[in-house]
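Novice: What follows is structure_31.cif, mmCIF, C-alpha atoms.
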```
data_run
loop_
_atom_site.label_atom_id
_atom_site.label_comp_id
_atom_site.auth_asym_id
_atom_site.auth_seq_id
_atom_site.Cartn_x
_atom_site.Cartn_y
_atom_site.Cartn_z
CA MET W 1 8.62 -13.43 20.49
CA VAL W 2 7.24 -13.46 16.96
CA PRO W 3 9.77 -14.78 14.41
CA LEU W 4 10.79 -12.51 11.54
CA SER W 5 9.61 -15.06 8.96
CA TRP W 6 5.98 -14.67 10.11
CA TYR W 7 6.03 -11.05 9.05
CA ILE W 8 7.60 -11.99 5.72
CA ILE W 9 4.88 -14.61 5.15
CA LEU W 10 2.12 -12.11 5.97
CA SER W 11 3.74 -9.55 3.68
CA SER W 12 4.11 -12.01 0.78
CA VAL W 13 0.53 -13.28 1.10
CA MET W 14 -0.81 -9.72 1.02
CA PHE W 15 1.44 -8.88 -1.94
CA SER W 16 0.16 -11.91 -3.87
CA ILE W 17 -3.44 -10.93 -3.16
CA GLY W 18 -2.60 -7.48 -4.53
CA VAL W 19 -1.08 -9.04 -7.66
CA PHE W 20 -4.19 -11.19 -8.08
CA GLY W 21 -6.45 -8.13 -7.83
CA PHE W 22 -4.25 -6.15 -10.20
CA LEU W 23 -4.34 -8.87 -12.87
CA THR W 24 -7.97 -9.89 -12.67
CA ARG W 25 -10.18 -6.90 -11.88
CA ARG W 26 -11.95 -4.89 -14.57
CA ASN W 27 -12.53 -1.74 -12.56
CA LEU W 28 -9.64 0.72 -12.87
CA LEU W 29 -10.23 2.12 -9.36
CA ILE W 30 -9.84 -1.31 -7.77
CA ILE W 31 -6.67 -1.84 -9.80
CA PHE W 32 -5.28 1.33 -8.18
CA ILE W 33 -6.38 0.05 -4.76
CA SER W 34 -4.55 -3.23 -5.49
CA ILE W 35 -1.37 -1.25 -6.20
CA GLU W 36 -1.76 0.48 -2.82
CA LEU W 37 -2.21 -2.95 -1.23
CA MET W 38 1.04 -4.18 -2.77
CA LEU W 39 2.95 -1.08 -1.61
CA ASN W 40 1.58 -1.53 1.90
CA SER W 41 2.56 -5.19 2.08
CA VAL W 42 6.12 -4.23 1.16
CA ASN W 43 6.04 -1.62 3.93
CA ILE W 44 5.23 -4.34 6.47
CA SER W 45 8.34 -6.29 5.57
CA PHE W 46 10.46 -3.09 5.62
CA VAL W 47 9.29 -2.25 9.15
CA ALA W 48 9.74 -5.85 10.31
CA PHE W 49 13.33 -5.96 9.04
CA SER W 50 13.97 -2.54 10.55
CA HIS W 51 12.80 -3.81 13.95
CA TYR W 52 14.66 -7.12 13.86
CA LEU W 53 17.94 -5.69 12.53
CA GLN W 54 17.73 -2.68 14.89
CA SER W 55 18.32 -0.35 11.98
CA MET W 56 16.46 2.81 10.97
CA ARG W 57 16.85 2.34 7.23
CA GLY W 58 13.68 0.27 6.84
CA GLN W 59 11.56 2.96 8.44
CA ILE W 60 13.13 5.67 6.24
CA MET W 61 12.36 3.55 3.17
CA VAL W 62 8.73 3.24 4.30
CA PHE W 63 8.61 7.03 4.55
CA PHE W 64 9.72 7.33 0.91
CA VAL W 65 7.39 4.55 -0.24
CA ILE W 66 4.45 6.44 1.31
CA THR W 67 5.58 9.61 -0.51
CA VAL W 68 5.73 7.82 -3.85
CA ALA W 69 2.38 6.10 -3.18
CA ALA W 70 0.72 9.46 -2.51
CA ALA W 71 2.16 10.93 -5.73
CA GLU W 72 1.16 7.83 -7.69
CA ALA W 73 -2.42 7.91 -6.36
CA ALA W 74 -2.81 11.61 -7.16
CA ILE W 75 -1.46 11.33 -10.72
CA GLY W 76 -3.23 8.04 -11.46
CA LEU W 77 -6.61 9.29 -10.29
CA ALA W 78 -6.13 12.54 -12.23
CA ILE W 79 -5.49 10.52 -15.40
CA LEU W 80 -8.62 8.46 -14.62
CA ILE W 81 -10.73 11.63 -14.25
CA ALA W 82 -9.26 13.12 -17.44
CA TYR W 83 -10.11 9.92 -19.30
CA TYR W 84 -13.60 9.66 -17.81
CA LYS W 85 -14.44 13.15 -19.12
CA ASN W 86 -13.94 11.94 -22.70
CA ASN W 87 -15.14 8.33 -22.47
CA PRO W 88 -17.39 7.61 -19.50
CA THR W 89 -16.08 4.16 -18.57
CA ILE W 90 -13.50 2.86 -16.09
CA ARG W 91 -13.46 -0.75 -17.28
CA VAL W 92 -9.95 -1.55 -18.46
CA ASP W 93 -11.10 -3.90 -21.22
CA GLU W 94 -13.15 -1.09 -22.74
CA ILE W 95 -10.39 1.51 -22.48
CA ASN W 96 -8.76 1.26 -25.90
CA LEU W 97 -8.57 4.91 -26.90
CA LEU W 98 -6.15 7.46 -25.49
CA LYS W 99 -6.85 10.45 -27.74
CA GLY W 100 -9.98 12.30 -26.70
CA MET G 1 1.74 -19.61 22.33
CA THR G 2 2.79 -16.40 23.95
CA THR G 3 0.60 -13.31 24.06
CA SER G 4 2.53 -11.60 21.29
CA GLN G 5 2.09 -14.61 19.00
CA ILE G 6 -1.66 -14.66 19.61
CA PHE G 7 -1.73 -10.91 18.92
CA PHE G 8 0.18 -11.38 15.68
CA GLY G 9 -2.02 -14.33 14.69
CA TYR G 10 -5.14 -12.21 15.06
CA PHE G 11 -3.66 -9.40 12.97
CA ALA G 12 -2.31 -11.72 10.26
CA THR G 13 -5.65 -13.51 9.88
CA VAL G 14 -7.71 -10.33 9.83
CA MET G 15 -5.34 -8.57 7.41
CA THR G 16 -5.37 -11.48 4.97
CA VAL G 17 -9.18 -11.66 5.04
CA LEU G 18 -9.42 -7.88 4.62
CA SER G 19 -7.04 -7.93 1.65
CA LEU G 20 -9.19 -10.59 -0.01
CA LEU G 21 -12.31 -8.50 0.68
CA VAL G 22 -10.62 -5.43 -0.81
CA VAL G 23 -9.84 -7.10 -4.14
CA THR G 24 -13.10 -9.06 -4.50
CA ARG G 25 -15.86 -6.53 -3.71
CA LYS G 26 -17.86 -5.36 -6.67
CA ASN G 27 -18.59 -1.86 -5.39
CA PRO G 28 -15.43 0.30 -5.14
CA VAL G 29 -16.89 2.12 -2.11
CA HIS G 30 -16.93 -1.15 -0.17
CA SER G 31 -13.35 -1.87 -1.29
CA VAL G 32 -12.16 1.52 -0.08
CA LEU G 33 -13.90 1.12 3.28
CA TRP G 34 -12.41 -2.35 3.83
CA MET G 35 -9.05 -0.80 2.92
CA LEU G 36 -9.60 1.73 5.73
CA VAL G 37 -10.05 -1.10 8.26
CA LEU G 38 -6.94 -2.75 6.82
CA PHE G 39 -4.88 0.43 7.27
CA ILE G 40 -5.99 0.73 10.90
CA HIS G 41 -4.83 -2.83 11.53
CA MET G 42 -1.58 -2.07 9.75
CA ALA G 43 -0.96 0.97 11.96
CA ALA G 44 -1.46 -1.25 15.02
CA LEU G 45 1.07 -3.72 13.61
CA TYR G 46 3.58 -0.86 13.18
CA LEU G 47 3.04 0.07 16.84
CA PHE G 48 3.74 -3.57 17.69
CA LEU G 49 7.07 -3.23 15.81
CA ASN G 50 8.06 -0.08 17.73
CA ALA G 51 7.50 2.29 14.80
CA GLU G 52 5.23 4.88 16.41
CA PHE G 53 6.04 7.59 13.86
CA LEU G 54 5.09 5.32 10.95
CA ALA G 55 1.88 4.25 12.69
CA ALA G 56 0.86 7.92 12.91
CA ILE G 57 1.90 8.54 9.29
CA GLN G 58 -0.07 5.48 8.18
CA MET G 59 -3.22 6.84 9.77
CA ILE G 60 -2.75 10.47 8.68
CA VAL G 61 -1.44 10.04 5.14
CA TYR G 62 -2.95 6.73 4.00
CA ALA G 63 -6.23 6.58 5.90
CA GLY G 64 -6.69 10.35 6.06
CA ALA G 65 -5.50 11.57 2.66
CA ILE G 66 -5.11 8.84 0.04
CA LEU G 67 -8.32 6.97 0.88
CA VAL G 68 -10.31 10.21 0.94
CA LEU G 69 -8.90 10.95 -2.52
CA PHE G 70 -10.12 7.53 -3.69
CA LEU G 71 -13.56 8.13 -2.18
CA PHE G 72 -13.86 11.50 -3.94
CA VAL G 73 -13.00 9.90 -7.27
CA VAL G 74 -15.55 7.12 -6.65
CA MET G 75 -18.16 9.83 -6.16
CA MET G 76 -17.34 11.39 -9.56
CA ILE G 77 -17.91 8.15 -11.45
CA ASN G 78 -21.23 6.61 -12.42
CA LEU G 79 -21.20 3.26 -10.65
CA ASN G 80 -24.66 2.05 -11.76
CA LYS G 81 -23.35 0.95 -15.14
CA GLU G 82 -20.33 -0.77 -13.58
CA GLU G 83 -22.49 -2.69 -11.10
CA THR G 84 -24.14 -4.72 -13.84
CA MET G 85 -20.88 -5.91 -15.40
CA PRO G 86 -18.94 -9.02 -14.27
CA LYS G 87 -16.18 -7.93 -11.91
CA PHE G 88 -13.35 -10.19 -13.11
CA ASN G 89 -11.99 -10.13 -16.64
CA SER G 90 -11.90 -13.19 -18.89
CA GLN G 91 -8.29 -14.06 -17.99
CA TRP G 92 -9.00 -14.37 -14.26
CA PRO G 93 -7.91 -18.05 -13.90
CA VAL G 94 -4.44 -17.09 -15.15
CA GLY G 95 -4.30 -14.21 -12.67
CA LEU G 96 -5.39 -16.51 -9.84
CA GLY G 97 -2.73 -19.05 -10.85
CA ILE G 98 0.00 -16.39 -10.94
CA GLY G 99 -1.09 -15.10 -7.53
CA ILE G 100 -1.04 -18.57 -5.96
CA ILE G 101 2.34 -19.46 -7.52
CA LEU G 102 3.85 -16.15 -6.35
CA ALA G 103 2.48 -16.63 -2.82
CA GLY G 104 3.80 -20.20 -2.68
CA PHE G 105 7.23 -19.14 -3.90
CA LEU G 106 7.55 -16.20 -1.51
CA VAL G 107 6.25 -18.16 1.50
CA SER G 108 8.59 -21.06 0.77
CA ILE G 109 11.67 -18.81 0.85
CA ALA G 110 10.47 -16.75 3.85
CA GLY G 111 11.66 -19.20 6.48
CA LYS G 112 15.01 -19.73 4.80
CA ILE G 113 16.45 -16.28 5.52
CA THR G 114 19.56 -17.17 7.48
CA VAL G 115 22.22 -14.65 6.47
CA LEU G 116 21.39 -11.38 8.16
CA PRO G 117 23.66 -8.33 8.51
CA GLU G 118 24.93 -7.44 11.96
CA LEU G 119 22.58 -5.54 14.23
CA GLY G 120 22.51 -1.76 14.04
CA LYS G 121 22.71 0.68 16.94
CA TYR G 122 18.98 1.48 17.12
CA SER G 123 17.92 -1.07 19.72
CA ILE G 124 14.56 -0.72 21.45
CA GLU G 125 16.19 0.90 24.48
CA ALA G 126 18.15 3.40 22.36
CA VAL G 127 15.02 4.41 20.45
CA ARG G 128 12.95 4.62 23.61
CA ALA G 129 15.49 6.91 25.29
CA GLU G 130 15.21 9.46 22.49
CA GLY G 131 11.72 8.87 21.13
CA SER G 132 10.77 7.29 17.83
CA MET G 133 10.12 10.55 16.01
CA MET G 134 13.40 12.17 17.00
CA THR G 135 15.36 9.08 15.96
CA VAL G 136 13.68 8.92 12.55
CA GLY G 137 14.09 12.67 12.10
CA LYS G 138 17.79 12.63 12.91
CA VAL G 139 18.47 9.87 10.39
CA LEU G 140 16.22 11.49 7.79
CA TYR G 141 17.78 14.95 7.99
CA THR G 142 21.41 13.83 8.10
CA GLU G 143 22.03 10.53 6.32
CA TYR G 144 19.05 10.75 3.94
CA LEU G 145 18.88 14.50 3.31
CA LEU G 146 19.24 14.29 -0.49
CA PRO G 147 16.52 11.60 -0.94
CA PHE G 148 14.30 13.69 1.33
CA GLU G 149 14.72 16.73 -0.91
CA ILE G 150 14.05 14.58 -4.00
CA ALA G 151 10.87 13.32 -2.30
CA SER G 152 9.70 16.92 -1.97
CA ILE G 153 10.29 17.44 -5.70
CA VAL G 154 8.32 14.26 -6.44
CA LEU G 155 5.41 15.63 -4.43
CA LEU G 156 5.64 19.00 -6.22
CA VAL G 157 5.56 17.26 -9.60
CA ALA G 158 2.56 15.22 -8.43
CA ILE G 159 0.68 18.37 -7.38
CA ILE G 160 1.36 20.15 -10.70
CA GLY G 161 0.62 17.00 -12.71
CA ALA G 162 -2.68 16.33 -10.96
CA VAL G 163 -3.84 19.93 -11.46
CA VAL G 164 -2.81 20.00 -15.13
CA LEU G 165 -4.42 16.64 -15.90
CA ALA G 166 -7.71 17.23 -14.12
CA LYS G 167 -8.40 20.86 -15.06
CA LYS G 168 -10.84 21.87 -17.76
CA ARG G 169 -9.26 22.29 -21.15
CA ILE G 170 -8.95 25.97 -22.06
CA GLU G 171 -9.52 26.56 -25.76
#
```
Taking this structure as input, can you express it in the form of structure tokens?
Specialist:
Amino acid sequence: MVPLSWYIILSSVMFSIGVFGFLTRRNLLIIFISIELMLNSVNISFVAFSHYLQSMRGQIMVFFVITVAAAEAAIGLAILIAYYKNNPTIRVDEINLLKG
Amino acid sequence: MTTSQIFFGYFATVMTVLSLLVVTRKNPVHSVLWMLVLFIHMAALYLFLNAEFLAAIQMIVYAGAILVLFLFVVMMINLNKEETMPKFNSQWPVGLGIGIILAGFLVSIAGKITVLPELGKYSIEAVRAEGSMMTVGKVLYTEYLLPFEIASIVLLVAIIGAVVLAKKRIE
């Protein structure tokens, strides 16, 4: 039997890697991918708790997290495309202008 | 070491390495493709935790829809200019420090979870008798009906927002 804490450790390590990518990368697309990585690591701990506590709530929460992640990816990438039409760059340290 | 622990050890190692690959590749296409492998491993881990419905959703929604969206956006962007630039920003040591401190903090409290609520009624046998999808569906459409409807509104807003933001400006 795998202890619950192993899942929590895996989830926290993946979350920290996502935080590291979010804080350090220049490319806006990879920053979005890091956010997806963080959301997924949280999903792992939700499902692990759901299994070990024999409750369905964790799985329902994962369902909603996936919904929000899909909405976030769609809106975020649309903003990226809208910005790229005006200023062709996706490097966050060069993005300093919002008005087109 | 039991079989399940070896299985989990393989998945934990591979998923950690894949996460590191995702955040450190220079080319976003490589990042997205490593993310695809990561999602497949994650779906297998959900199967291991008796969440068949979520494993299917992980493959269909994340690997099938969200990653394809990322790949389409990668195709619309000129990557040649980005390839020549350094991939980390100038504050990367601070980011690395924050990541390591956060990981150390979270890992140190992971083993100390002792107070857990009492077990619910959805044991493995109860779920297996009805099927994973039917169990999730029953809870979702009774206890969580209002959040489910709000989720549909969130998706509607996302659709309208994405179309409005990405369309050509009409003068």
Novice: I'd like the interatomic distance between atom CA of Gln54 of chain W and atom CA of Val14 of chain G, to a tenth of an Å.
Specialist: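 Separation between atom CA of Gln54 of chain W and atom CA of Val14 of chain G: 27.0 Å.
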Novice: Starting from the shown file, work through the PyMOL selection byres ((chain G) within 6 of (chain W)) and note down what comes out as a list in words.
Specialist: Gln5, Val23, Lys87, Phe88, Asn89, Trp92, Gly95, Leu96, Gly99, Ala103, Leu106, Val107, Ala110, Gly111, Leu119, Gly120, Tyr122, Ser123, Leu155, Ala158, Ala162, Leu165 and Ala166 of chain G
Novice: Given 6 Å of margin on each side, can you work out the centre and size in Å (one decimal) of an axis-aligned box holding every listed atom of segment 161-169 of chain G, as lines of an AutoDock Vina configuration file?
Specialist:
```
center_x = -5.1
center_y = 19.3
center_z = -16.1
size_x = 23.5
size_y = 18.0
size_z = 22.2
```
Novice: Interatomic distance between atom CA of Ile77 of chain G and atom CA of Ser90 of chain G?
Specialist: 23.4 Å
Novice: Measure the distance from atom CA of Trp34 of chain G to atom CA of Ile60 of chain G in Å and round it to one decimal.
Specialist: 16.8 Å
